[in-house]
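Worksheet: the structure to be examined is printed underneath.
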Amino acid sequence: MMQGAESSYQEYLAKGEFRIQRCDDCSSHIFYPRFLCPDCGSSNLSWIKPSGAGTVYSTTVMRRRAEAGGDYNVCLVQLNEGPRLMSRIEGVAPTEVRIGMAVTARVAQSGEDGFFVVFDAAGN
């Protein structure tokens, strides 16, 4: 039975591993998981471990009441390999996250959300 790209991605996360795809034909790095390379159309995709290093491309503060967990940030991070992904920066006040900030990826877990990738300010 063929396993979906999303399932493979989630299995890596459950093992504590952040992986993205790389096209074996044109060398493009790909995120979100898919079956075909968006650049050349090849189906020859491999799972690789990215450096985890990236830069905040865009950010916003989501406001919520303190009893609901307080404010948090949502951002787009551009990985050094090229792809962008939506996540959040942890360990930094939501209003202190800045475009251009260097960040490093890690796998986090939440009971209700499962496993996902978050970022920390580089050097922390």
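Going by the structure tokens order, chains are called A, B, ..., each with residues numbered from 1, while ligands are numbered from 1 in the order shown.
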If we count only C-alpha atoms and set the cut-off at 12 Å, which residues sit around stretch 20-33 of chain A, ignoring sequence neighbours fewer than 6 positions away in its own chain? Please answer as a PyMOL selection string.
chain A and resi 3-10+12-13+39-52+77-86+117
Using only C-alpha atoms, pick whichever of A:Ser58, A:Asn73, A:Thr95, A:Ser87 has the shortest atom-to-atom distance to A:Ala108.
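Among A:Ser58, A:Asn73, A:Thr95, A:Ser87, it is A:Ser87 that comes nearest to A:Ala108.
When atom CA of A:Tyr72 is paired with atom CA of A:Ile89, their separation reads 8.7 Å.
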Would you give me, as JSON, numbers by chain, the residues in stretch 27-124 of chain A that DSSP reads as strand (DSSP E or B)?
{"A": [29, 30, 45, 46, 47, 48, 53, 54, 55, 56, 57, 58, 59, 60, 61, 62, 72, 73, 74, 75, 76, 77, 78, 79, 84, 85, 86, 87, 89, 90, 102, 103, 104, 105, 106, 107, 108, 109, 110, 114, 115, 116, 117, 118, 119, 120, 121]}
How would the residues just picked look written out with C-alpha atoms as a tab-separated table (two decimals), in the first residue's frame?
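Below you can see again_21.tsv, which holds the result:
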```tsv
chain	number	residue	atom	x	y	z
A	29	HIS	CA	13.94	21.56	-1.61
A	30	ILE	CA	10.22	21.12	-1.04
A	45	LEU	CA	11.62	12.93	-4.19
A	46	SER	CA	13.75	12.02	-1.18
A	47	TRP	CA	13.29	12.88	2.49
A	48	ILE	CA	16.24	14.85	3.87
A	53	ALA	CA	18.26	27.12	10.33
A	54	GLY	CA	16.00	29.79	8.95
A	55	THR	CA	14.88	33.39	9.00
A	56	VAL	CA	11.55	34.92	9.99
A	57	TYR	CA	9.97	36.04	6.71
A	58	SER	CA	6.71	37.37	8.15
A	59	THR	CA	5.11	37.50	11.59
A	60	THR	CA	1.95	38.55	13.38
A	61	VAL	CA	0.68	38.49	16.96
A	62	MET	CA	-2.52	36.55	17.63
A	72	TYR	CA	1.13	34.09	20.67
A	73	ASN	CA	2.89	34.66	17.38
A	74	VAL	CA	2.32	33.05	14.01
A	75	CYS	CA	5.08	33.41	11.46
A	76	LEU	CA	6.41	32.30	8.11
A	77	VAL	CA	9.96	31.03	8.36
A	78	GLN	CA	12.15	30.68	5.32
A	79	LEU	CA	14.50	27.74	5.78
A	84	ARG	CA	8.86	28.59	3.77
A	85	LEU	CA	6.69	27.12	6.47
A	86	MET	CA	4.14	28.49	8.90
A	87	SER	CA	4.95	28.01	12.55
A	89	ILE	CA	8.74	31.22	17.58
A	90	GLU	CA	8.94	29.99	21.17
A	102	ALA	CA	17.54	34.02	12.75
A	103	VAL	CA	15.79	30.92	14.09
A	104	THR	CA	16.37	27.19	14.53
A	105	ALA	CA	13.77	24.44	14.10
A	106	ARG	CA	12.85	21.75	16.57
A	107	VAL	CA	10.06	19.22	16.92
A	108	ALA	CA	7.53	19.92	19.67
A	109	GLN	CA	4.59	17.90	20.95
A	110	SER	CA	1.19	18.89	22.26
A	114	GLY	CA	0.37	15.93	18.09
A	115	PHE	CA	3.88	16.66	16.78
A	116	PHE	CA	4.81	19.82	14.89
A	117	VAL	CA	7.78	22.05	14.04
A	118	VAL	CA	8.41	25.21	16.08
A	119	PHE	CA	11.36	27.57	16.08
A	120	ASP	CA	13.62	29.09	18.72
A	121	ALA	CA	15.68	32.26	18.28
```
From chain A, collect each residue whose DSSP state is alpha helix (DSSP H) and return the set as a PyMOL selection string.
chain A and resi 5-14
Export of the given selection (C-alpha atoms) as a compact mmCIF listing (two decimals), in the first residue's frame:
```
# COMPACT_ATOMS: atom_id res chain seq x y z
CA ALA A 5 3.57 12.17 1.74
CA GLU A 6 1.76 13.76 4.70
CA SER A 7 1.78 10.42 6.56
CA SER A 8 5.51 10.05 6.01
CA TYR A 9 6.10 13.59 7.27
CA GLN A 10 4.02 12.93 10.41
CA GLU A 11 5.89 9.65 11.08
CA TYR A 12 9.22 11.51 11.01
CA LEU A 13 7.85 14.12 13.40
CA ALA A 14 6.59 11.41 15.77
```
Could you jot down the atom CA of A:Arg98 to atom CA of A:Phe18 separation for me, Å, one decimal place?
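Rounded to one decimal, the two atoms are 23.3 Å apart.
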